[in-house]
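File shown here: query.pdb, holding PDB, N, CA, C and O atoms.
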ATOM      1  N   MET I 148      76.497 -39.246 -31.404
ATOM      2  CA  MET I 148      77.393 -39.089 -32.526
ATOM      3  C   MET I 148      77.523 -40.449 -33.218
ATOM      4  O   MET I 148      77.753 -41.456 -32.564
ATOM      5  N   ASP I 149      77.418 -40.429 -34.539
ATOM      6  CA  ASP I 149      77.536 -41.692 -35.261
ATOM      7  C   ASP I 149      79.012 -42.072 -35.426
ATOM      8  O   ASP I 149      79.914 -41.250 -35.251
ATOM      9  N   GLU I 150      79.248 -43.324 -35.741
ATOM     10  CA  GLU I 150      80.604 -43.884 -35.824
ATOM     11  C   GLU I 150      81.457 -43.182 -36.872
ATOM     12  O   GLU I 150      82.648 -42.902 -36.637
ATOM     13  N   THR I 151      80.891 -42.888 -38.021
ATOM     14  CA  THR I 151      81.646 -42.221 -39.083
ATOM     15  C   THR I 151      82.113 -40.843 -38.642
ATOM     16  O   THR I 151      83.276 -40.475 -38.836
ATOM     17  N   THR I 152      81.220 -40.085 -38.018
ATOM     18  CA  THR I 152      81.575 -38.749 -37.539
ATOM     19  C   THR I 152      82.651 -38.836 -36.464
ATOM     20  O   THR I 152      83.623 -38.067 -36.472
ATOM     21  N   ARG I 153      82.498 -39.780 -35.548
ATOM     22  CA  ARG I 153      83.502 -39.954 -34.489
ATOM     23  C   ARG I 153      84.863 -40.265 -35.085
ATOM     24  O   ARG I 153      85.885 -39.680 -34.695
ATOM     25  N   THR I 154      84.904 -41.160 -36.065
ATOM     26  CA  THR I 154      86.158 -41.530 -36.717
ATOM     27  C   THR I 154      86.780 -40.328 -37.428
ATOM     28  O   THR I 154      87.990 -40.112 -37.362
ATOM     29  N   GLU I 155      85.953 -39.524 -38.094
ATOM     30  CA  GLU I 155      86.450 -38.338 -38.786
ATOM     31  C   GLU I 155      87.036 -37.327 -37.798
ATOM     32  O   GLU I 155      88.087 -36.727 -38.052
ATOM     33  N   ILE I 156      86.380 -37.147 -36.662
ATOM     34  CA  ILE I 156      86.867 -36.217 -35.643
ATOM     35  C   ILE I 156      88.166 -36.741 -35.039
ATOM     36  O   ILE I 156      89.135 -35.981 -34.845
ATOM     37  N   GLU I 157      88.221 -38.032 -34.742
ATOM     38  CA  GLU I 157      89.446 -38.619 -34.199
ATOM     39  C   GLU I 157      90.598 -38.492 -35.197
ATOM     40  O   GLU I 157      91.731 -38.170 -34.806
ATOM     41  N   ALA I 158      90.318 -38.716 -36.468
ATOM     42  CA  ALA I 158      91.355 -38.596 -37.497
ATOM     43  C   ALA I 158      91.855 -37.156 -37.592
ATOM     44  O   ALA I 158      93.063 -36.921 -37.719
ATOM     45  N   ALA I 159      90.954 -36.205 -37.514
ATOM     46  CA  ALA I 159      91.347 -34.792 -37.562
ATOM     47  C   ALA I 159      92.198 -34.429 -36.352
ATOM     48  O   ALA I 159      93.206 -33.707 -36.474
ATOM     49  N   ALA I 160      91.836 -34.932 -35.187
ATOM     50  CA  ALA I 160      92.617 -34.669 -33.970
ATOM     51  C   ALA I 160      94.001 -35.307 -34.081
ATOM     52  O   ALA I 160      95.008 -34.698 -33.691
ATOM     53  N   PHE I 161      94.080 -36.514 -34.628
ATOM     54  CA  PHE I 161      95.366 -37.177 -34.833
ATOM     55  C   PHE I 161      96.236 -36.355 -35.779
ATOM     56  O   PHE I 161      97.416 -36.117 -35.497
ATOM     57  N   ARG I 162      95.657 -35.911 -36.890
ATOM     58  CA  ARG I 162      96.431 -35.116 -37.849
ATOM     59  C   ARG I 162      96.945 -33.835 -37.208
ATOM     60  O   ARG I 162      98.078 -33.424 -37.442
ATOM     61  N   ARG I 163      96.123 -33.209 -36.365
ATOM     62  CA  ARG I 163      96.559 -31.986 -35.683
ATOM     63  C   ARG I 163      97.669 -32.272 -34.682
ATOM     64  O   ARG I 163      98.610 -31.496 -34.544
ATOM     65  N   LEU I 164      97.589 -33.395 -33.976
ATOM     66  CA  LEU I 164      98.649 -33.784 -33.047
ATOM     67  C   LEU I 164      99.954 -33.990 -33.799
ATOM     68  O   LEU I 164     101.011 -33.502 -33.382
ATOM     69  N   VAL I 165      99.910 -34.701 -34.903
ATOM     70  CA  VAL I 165     101.114 -34.945 -35.693
ATOM     71  C   VAL I 165     101.687 -33.625 -36.206
ATOM     72  O   VAL I 165     102.897 -33.386 -36.131
ATOM     73  N   GLU I 166     100.840 -32.746 -36.681
ATOM     74  CA  GLU I 166     101.285 -31.432 -37.158
ATOM     75  C   GLU I 166     101.966 -30.652 -36.025
ATOM     76  O   GLU I 166     103.027 -30.051 -36.211
ATOM     77  N   HIS I 167     101.360 -30.691 -34.864
ATOM     78  CA  HIS I 167     101.924 -30.003 -33.706
ATOM     79  C   HIS I 167     103.294 -30.564 -33.340
ATOM     80  O   HIS I 167     104.245 -29.807 -33.099
ATOM     81  N   LEU I 168     103.418 -31.876 -33.312
ATOM     82  CA  LEU I 168     104.702 -32.501 -32.979
ATOM     83  C   LEU I 168     105.763 -32.197 -34.033
ATOM     84  O   LEU I 168     106.937 -32.039 -33.705
ATOM     85  N   ARG I 169     105.358 -32.097 -35.294
ATOM     86  CA  ARG I 169     106.310 -31.737 -36.348
ATOM     87  C   ARG I 169     106.792 -30.304 -36.174
ATOM     88  O   ARG I 169     107.948 -29.999 -36.446
ATOM     89  N   GLU I 170     105.903 -29.429 -35.745
ATOM     90  CA  GLU I 170     106.262 -28.024 -35.537
ATOM     91  C   GLU I 170     107.147 -27.840 -34.309
ATOM     92  O   GLU I 170     108.004 -26.964 -34.283
ATOM     93  N   ARG I 171     106.956 -28.667 -33.299
ATOM     94  CA  ARG I 171     107.683 -28.523 -32.033
ATOM     95  C   ARG I 171     108.920 -29.414 -32.000
ATOM     96  O   ARG I 171     109.078 -30.283 -31.145
ATOM     97  N   THR I 172     109.813 -29.170 -32.939
ATOM     98  CA  THR I 172     111.037 -29.957 -32.997
ATOM     99  C   THR I 172     111.945 -29.684 -31.800
ATOM    100  O   THR I 172     112.865 -30.454 -31.531
ATOM    101  N   ASP I 173     111.671 -28.598 -31.077
ATOM    102  CA  ASP I 173     112.449 -28.296 -29.876
ATOM    103  C   ASP I 173     112.121 -29.239 -28.724
ATOM    104  O   ASP I 173     112.915 -29.393 -27.807
ATOM    105  N   VAL I 174     110.974 -29.869 -28.790
ATOM    106  CA  VAL I 174     110.572 -30.808 -27.735
ATOM    107  C   VAL I 174     111.126 -32.187 -28.091
ATOM    108  O   VAL I 174     110.776 -32.772 -29.109
ATOM    109  N   GLN I 175     111.996 -32.673 -27.241
ATOM    110  CA  GLN I 175     112.637 -33.960 -27.476
ATOM    111  C   GLN I 175     111.725 -35.104 -27.036
ATOM    112  O   GLN I 175     110.872 -34.947 -26.164
ATOM    113  N   ASN I 176     111.925 -36.273 -27.637
ATOM    114  CA  ASN I 176     111.126 -37.444 -27.282
ATOM    115  C   ASN I 176     111.247 -37.786 -25.799
ATOM    116  O   ASN I 176     110.269 -38.176 -25.170
ATOM    117  N   ILE I 177     112.435 -37.630 -25.244
ATOM    118  CA  ILE I 177     112.618 -37.951 -23.826
ATOM    119  C   ILE I 177     111.756 -37.029 -22.964
ATOM    120  O   ILE I 177     111.196 -37.450 -21.951
ATOM    121  N   ASP I 178     111.632 -35.764 -23.382
ATOM    122  CA  ASP I 178     110.769 -34.823 -22.660
ATOM    123  C   ASP I 178     109.316 -35.288 -22.702
ATOM    124  O   ASP I 178     108.612 -35.259 -21.692
ATOM    125  N   LEU I 179     108.882 -35.712 -23.882
ATOM    126  CA  LEU I 179     107.516 -36.210 -24.025
ATOM    127  C   LEU I 179     107.294 -37.435 -23.146
ATOM    128  O   LEU I 179     106.261 -37.553 -22.477
ATOM    129  N   MET I 180     108.258 -38.356 -23.152
ATOM    130  CA  MET I 180     108.121 -39.579 -22.353
ATOM    131  C   MET I 180     108.021 -39.252 -20.870
ATOM    132  O   MET I 180     107.204 -39.833 -20.155
ATOM    133  N   GLU I 181     108.864 -38.333 -20.416
ATOM    134  CA  GLU I 181     108.872 -37.998 -18.994
ATOM    135  C   GLU I 181     107.598 -37.281 -18.567
ATOM    136  O   GLU I 181     107.098 -37.498 -17.463
ATOM    137  N   LEU I 182     107.054 -36.446 -19.434
ATOM    138  CA  LEU I 182     105.880 -35.653 -19.070
ATOM    139  C   LEU I 182     104.557 -36.310 -19.437
ATOM    140  O   LEU I 182     103.587 -36.214 -18.691
ATOM    141  N   ALA I 183     104.519 -36.966 -20.591
ATOM    142  CA  ALA I 183     103.247 -37.474 -21.090
ATOM    143  C   ALA I 183     103.156 -38.999 -21.129
ATOM    144  O   ALA I 183     102.068 -39.547 -21.297
ATOM    145  N   GLY I 184     104.293 -39.664 -20.996
ATOM    146  CA  GLY I 184     104.268 -41.119 -21.022
ATOM    147  C   GLY I 184     104.221 -41.709 -22.418
ATOM    148  O   GLY I 184     104.022 -42.911 -22.592
ATOM    149  N   PHE I 185     104.408 -40.873 -23.440
ATOM    150  CA  PHE I 185     104.504 -41.346 -24.819
ATOM    151  C   PHE I 185     105.332 -40.348 -25.604
ATOM    152  O   PHE I 185     105.541 -39.220 -25.171
ATOM    153  N   CYS I 186     105.819 -40.792 -26.773
ATOM    154  CA  CYS I 186     106.611 -39.909 -27.616
ATOM    155  C   CYS I 186     106.245 -40.135 -29.078
ATOM    156  O   CYS I 186     105.334 -40.893 -29.387
ATOM    157  N   ARG I 187     106.978 -39.498 -29.959
ATOM    158  CA  ARG I 187     106.721 -39.652 -31.392
ATOM    159  C   ARG I 187     106.873 -41.106 -31.825
ATOM    160  O   ARG I 187     106.109 -41.595 -32.662
ATOM    161  N   ASN I 188     107.867 -41.797 -31.255
ATOM    162  CA  ASN I 188     108.070 -43.203 -31.612
ATOM    163  C   ASN I 188     106.894 -44.061 -31.163
ATOM    164  O   ASN I 188     106.479 -44.984 -31.870
ATOM    165  N   CYS I 189     106.358 -43.768 -29.990
ATOM    166  CA  CYS I 189     105.165 -44.493 -29.522
ATOM    167  C   CYS I 189     104.015 -44.286 -30.498
ATOM    168  O   CYS I 189     103.323 -45.240 -30.882
ATOM    169  N   LEU I 190     103.811 -43.052 -30.890
ATOM    170  CA  LEU I 190     102.722 -42.722 -31.808
ATOM    171  C   LEU I 190     102.889 -43.456 -33.134
ATOM    172  O   LEU I 190     101.918 -44.000 -33.681
ATOM    173  N   SER I 191     104.116 -43.518 -33.637
ATOM    174  CA  SER I 191     104.338 -44.237 -34.887
ATOM    175  C   SER I 191     104.126 -45.740 -34.712
ATOM    176  O   SER I 191     103.626 -46.408 -35.620
ATOM    177  N   THR I 192     104.460 -46.265 -33.548
ATOM    178  CA  THR I 192     104.214 -47.683 -33.272
ATOM    179  C   THR I 192     102.718 -47.973 -33.227
ATOM    180  O   THR I 192     102.252 -48.975 -33.778
ATOM    181  N   TRP I 193     101.946 -47.101 -32.592
ATOM    182  CA  TRP I 193     100.495 -47.275 -32.546
ATOM    183  C   TRP I 193      99.906 -47.201 -33.952
ATOM    184  O   TRP I 193      98.974 -47.938 -34.287
ATOM    185  N   TYR I 194     100.438 -46.319 -34.779
ATOM    186  CA  TYR I 194      99.983 -46.194 -36.163
ATOM    187  C   TYR I 194     100.270 -47.495 -36.921
ATOM    188  O   TYR I 194      99.400 -48.015 -37.629
ATOM    189  N   LEU I 195     101.474 -48.017 -36.742
ATOM    190  CA  LEU I 195     101.868 -49.268 -37.380
ATOM    191  C   LEU I 195     100.974 -50.419 -36.926
ATOM    192  O   LEU I 195     100.514 -51.227 -37.739
ATOM    193  N   GLU I 196     100.697 -50.500 -35.628
ATOM    194  CA  GLU I 196      99.821 -51.553 -35.104
ATOM    195  C   GLU I 196      98.417 -51.452 -35.690
ATOM    196  O   GLU I 196      97.811 -52.473 -36.042
ATOM    197  N   ALA I 197      97.896 -50.236 -35.820
ATOM    198  CA  ALA I 197      96.562 -50.047 -36.400
ATOM    199  C   ALA I 197      96.545 -50.475 -37.865
ATOM    200  O   ALA I 197      95.580 -51.101 -38.324
ATOM    201  N   ALA I 198      97.611 -50.168 -38.581
ATOM    202  CA  ALA I 198      97.705 -50.605 -39.983
ATOM    203  C   ALA I 198      97.751 -52.128 -40.064
ATOM    204  O   ALA I 198      97.047 -52.749 -40.876
ATOM    205  N   ASP I 199      98.579 -52.734 -39.208
ATOM    206  CA  ASP I 199      98.691 -54.200 -39.186
ATOM    207  C   ASP I 199      97.350 -54.863 -38.896
ATOM    208  O   ASP I 199      96.989 -55.854 -39.529
ATOM    209  N   GLU I 200      96.600 -54.314 -37.938
ATOM    210  CA  GLU I 200      95.297 -54.868 -37.581
ATOM    211  C   GLU I 200      94.319 -54.847 -38.762
ATOM    212  O   GLU I 200      93.405 -55.656 -38.819
ATOM    213  N   ARG I 201      94.540 -53.919 -39.676
ATOM    214  CA  ARG I 201      93.657 -53.783 -40.833
ATOM    215  C   ARG I 201      94.232 -54.406 -42.093
ATOM    216  O   ARG I 201      93.692 -54.261 -43.181
ATOM    217  N   GLY I 202      95.366 -55.084 -41.938
ATOM    218  CA  GLY I 202      95.986 -55.750 -43.074
ATOM    219  C   GLY I 202      96.648 -54.795 -44.053
ATOM    220  O   GLY I 202      96.865 -55.150 -45.211
ATOM    221  N   VAL I 203      96.961 -53.603 -43.601
ATOM    222  CA  VAL I 203      97.609 -52.606 -44.459
ATOM    223  C   VAL I 203      99.118 -52.746 -44.294
ATOM    224  O   VAL I 203      99.635 -52.599 -43.183
ATOM    225  N   PRO I 204      99.833 -53.051 -45.374
ATOM    226  CA  PRO I 204     101.275 -53.217 -45.256
ATOM    227  C   PRO I 204     101.955 -51.868 -44.982
ATOM    228  O   PRO I 204     101.718 -50.883 -45.681
ATOM    229  N   LEU I 205     102.758 -51.844 -43.945
ATOM    230  CA  LEU I 205     103.469 -50.633 -43.558
ATOM    231  C   LEU I 205     104.696 -51.060 -42.780
ATOM    232  O   LEU I 205     104.633 -51.993 -41.978
ATOM    233  N   THR I 206     105.795 -50.391 -43.009
ATOM    234  CA  THR I 206     107.017 -50.695 -42.265
ATOM    235  C   THR I 206     107.152 -49.738 -41.085
ATOM    236  O   THR I 206     106.518 -48.677 -41.047
ATOM    237  N   LYS I 207     108.013 -50.114 -40.152
ATOM    238  CA  LYS I 207     108.294 -49.255 -39.006
ATOM    239  C   LYS I 207     108.840 -47.912 -39.475
ATOM    240  O   LYS I 207     108.437 -46.861 -38.980
ATOM    241  N   ASP I 208     109.751 -47.939 -40.455
ATOM    242  CA  ASP I 208     110.328 -46.702 -40.970
ATOM    243  C   ASP I 208     109.277 -45.822 -41.646
ATOM    244  O   ASP I 208     109.290 -44.603 -41.480
ATOM    245  N   ALA I 209     108.369 -46.434 -42.386
ATOM    246  CA  ALA I 209     107.317 -45.667 -43.054
ATOM    247  C   ALA I 209     106.375 -45.035 -42.033
ATOM    248  O   ALA I 209     105.947 -43.883 -42.195
ATOM    249  N   ALA I 210     106.046 -45.771 -40.972
ATOM    250  CA  ALA I 210     105.181 -45.228 -39.921
ATOM    251  C   ALA I 210     105.859 -44.056 -39.225
ATOM    252  O   ALA I 210     105.222 -43.033 -38.941
ATOM    253  N   ARG I 211     107.146 -44.186 -38.958
ATOM    254  CA  ARG I 211     107.878 -43.090 -38.330
ATOM    255  C   ARG I 211     107.916 -41.863 -39.244
ATOM    256  O   ARG I 211     107.783 -40.738 -38.793
ATOM    257  N   GLU I 212     108.084 -42.085 -40.541
ATOM    258  CA  GLU I 212     108.118 -40.956 -41.473
ATOM    259  C   GLU I 212     106.777 -40.231 -41.517
ATOM    260  O   GLU I 212     106.734 -39.005 -41.649
ATOM    261  N   ILE I 213     105.690 -40.961 -41.350
ATOM    262  CA  ILE I 213     104.368 -40.344 -41.283
ATOM    263  C   ILE I 213     104.283 -39.403 -40.081
ATOM    264  O   ILE I 213     103.766 -38.296 -40.181
ATOM    265  N   VAL I 214     104.799 -39.837 -38.954
ATOM    266  CA  VAL I 214     104.739 -39.028 -37.730
ATOM    267  C   VAL I 214     105.763 -37.899 -37.750
ATOM    268  O   VAL I 214     105.441 -36.759 -37.422
ATOM    269  N   TYR I 215     106.985 -38.192 -38.149
ATOM    270  CA  TYR I 215     108.058 -37.192 -38.116
ATOM    271  C   TYR I 215     108.011 -36.220 -39.295
ATOM    272  O   TYR I 215     108.584 -35.133 -39.225
ATOM    273  N   GLY I 216     107.382 -36.627 -40.396
ATOM    274  CA  GLY I 216     107.344 -35.772 -41.585
ATOM    275  C   GLY I 216     108.610 -35.858 -42.415
ATOM    276  O   GLY I 216     108.784 -35.111 -43.376
ATOM    277  N   MET I 217     109.473 -36.772 -42.070
ATOM    278  CA  MET I 217     110.734 -37.012 -42.774
ATOM    279  C   MET I 217     111.284 -38.335 -42.246
ATOM    280  O   MET I 217     110.821 -38.826 -41.228
ATOM    281  N   PRO I 218     112.272 -38.897 -42.919
ATOM    282  CA  PRO I 218     112.875 -40.117 -42.375
ATOM    283  C   PRO I 218     113.396 -39.863 -40.955
ATOM    284  O   PRO I 218     113.942 -38.793 -40.660
ATOM    285  N   TYR I 219     113.211 -40.853 -40.102
ATOM    286  CA  TYR I 219     113.583 -40.737 -38.698
ATOM    287  C   TYR I 219     115.048 -40.364 -38.525
ATOM    288  O   TYR I 219     115.383 -39.501 -37.699
ATOM    289  N   GLU I 220     115.937 -40.977 -39.272
ATOM    290  CA  GLU I 220     117.368 -40.687 -39.154
ATOM    291  C   GLU I 220     117.649 -39.226 -39.509
ATOM    292  O   GLU I 220     118.513 -38.593 -38.891
ATOM    293  N   ASP I 221     116.937 -38.683 -40.496
ATOM    294  CA  ASP I 221     117.100 -37.272 -40.852
ATOM    295  C   ASP I 221     116.637 -36.371 -39.702
ATOM    296  O   ASP I 221     117.292 -35.378 -39.377
ATOM    297  N   TRP I 222     115.490 -36.723 -39.096
ATOM    298  CA  TRP I 222     114.978 -35.922 -37.982
ATOM    299  C   TRP I 222     115.976 -35.937 -36.828
ATOM    300  O   TRP I 222     116.273 -34.896 -36.252
ATOM    301  N   LYS I 223     116.492 -37.120 -36.501
ATOM    302  CA  LYS I 223     117.458 -37.220 -35.403
ATOM    303  C   LYS I 223     118.688 -36.367 -35.675
ATOM    304  O   LYS I 223     119.163 -35.649 -34.794
ATOM    305  N   ALA I 224     119.219 -36.430 -36.890
ATOM    306  CA  ALA I 224     120.419 -35.671 -37.231
ATOM    307  C   ALA I 224     120.164 -34.166 -37.166
ATOM    308  O   ALA I 224     121.036 -33.392 -36.762
ATOM    309  N   LYS I 225     118.959 -33.766 -37.538
ATOM    310  CA  LYS I 225     118.634 -32.341 -37.613
ATOM    311  C   LYS I 225     118.186 -31.750 -36.279
ATOM    312  O   LYS I 225     118.525 -30.608 -35.960
ATOM    313  N   TYR I 226     117.427 -32.520 -35.485
ATOM    314  CA  TYR I 226     116.762 -31.945 -34.318
ATOM    315  C   TYR I 226     117.107 -32.568 -32.970
ATOM    316  O   TYR I 226     116.916 -31.939 -31.936
ATOM    317  N   GLN I 227     117.544 -33.812 -32.940
ATOM    318  CA  GLN I 227     117.762 -34.455 -31.651
ATOM    319  C   GLN I 227     118.997 -33.884 -30.976
ATOM    320  O   GLN I 227     120.045 -33.734 -31.595
ATOM    321  N   THR I 228     118.856 -33.568 -29.704
ATOM    322  CA  THR I 228     119.980 -33.032 -28.941
ATOM    323  C   THR I 228     120.437 -34.056 -27.919
ATOM    324  O   THR I 228     119.717 -35.015 -27.610
ATOM    325  N   GLU I 229     121.614 -33.838 -27.378
ATOM    326  CA  GLU I 229     122.132 -34.691 -26.325
ATOM    327  C   GLU I 229     121.326 -34.451 -25.050
ATOM    328  O   GLU I 229     120.955 -33.323 -24.752
ATOM    329  N   ARG I 230     121.075 -35.514 -24.346
ATOM    330  CA  ARG I 230     120.358 -35.390 -23.078
ATOM    331  C   ARG I 230     121.310 -34.826 -22.027
ATOM    332  O   ARG I 230     122.445 -35.272 -21.894
ATOM    333  N   SER I 231     120.841 -33.825 -21.301
ATOM    334  CA  SER I 231     121.711 -33.211 -20.300
ATOM    335  C   SER I 231     121.495 -33.845 -18.938
ATOM    336  O   SER I 231     120.547 -34.507 -18.678
TER
END
As structure tokens, how would this structure be written, given the file I've shared?
Amino acid sequence: MDETTRTEIEAAAFRRLVEHLRERTDVQNIDLMELAGFCRNCLSTWYLEAADERGVPLTKDAAREIVYGMPYEDWKAKYQTERS
């Protein structure tokens, strides 16, 4: 597989993961951390780091909005529940 094709496939898989996480608002970040060792915030941090490595200006809030599909504070107010 050539590099361009690999990158396109990885990008498509990333987009599908983000779409899935946006759809599964019932799954809390703490659940993801406990089961998978990463959460939406981790994913947004990795996105931010990749942008930084390429010299692309991006803020932490903008990276989170890319992953959450809305401002992080809005997502928390709408979907985050108290940990039991």
Pick from I:Ala197, I:Arg187, I:Thr192, I:Leu205 nearest to Gln175 in chain I, counting all atoms listed in the file: I:Arg187
Picked residues, the PyMOL selection byres ((chain I and resi 213-222) around 6), as a PyMOL selection string: chain I and resi 165+168-169+187+191+208-212+223-227
One-decimal distance in Å that lies between CA of Ala160 in chain I and CA of Cys186 in chain I: 16.2 Å
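A straight line drawn from atom N of Thr228 in chain I to atom N of Leu164 in chain I is 21.7 Å long.
Our summary of the geometry notes that CA of Leu190 in chain I is positioned 15.0 Å from CA of Arg171 in chain I.
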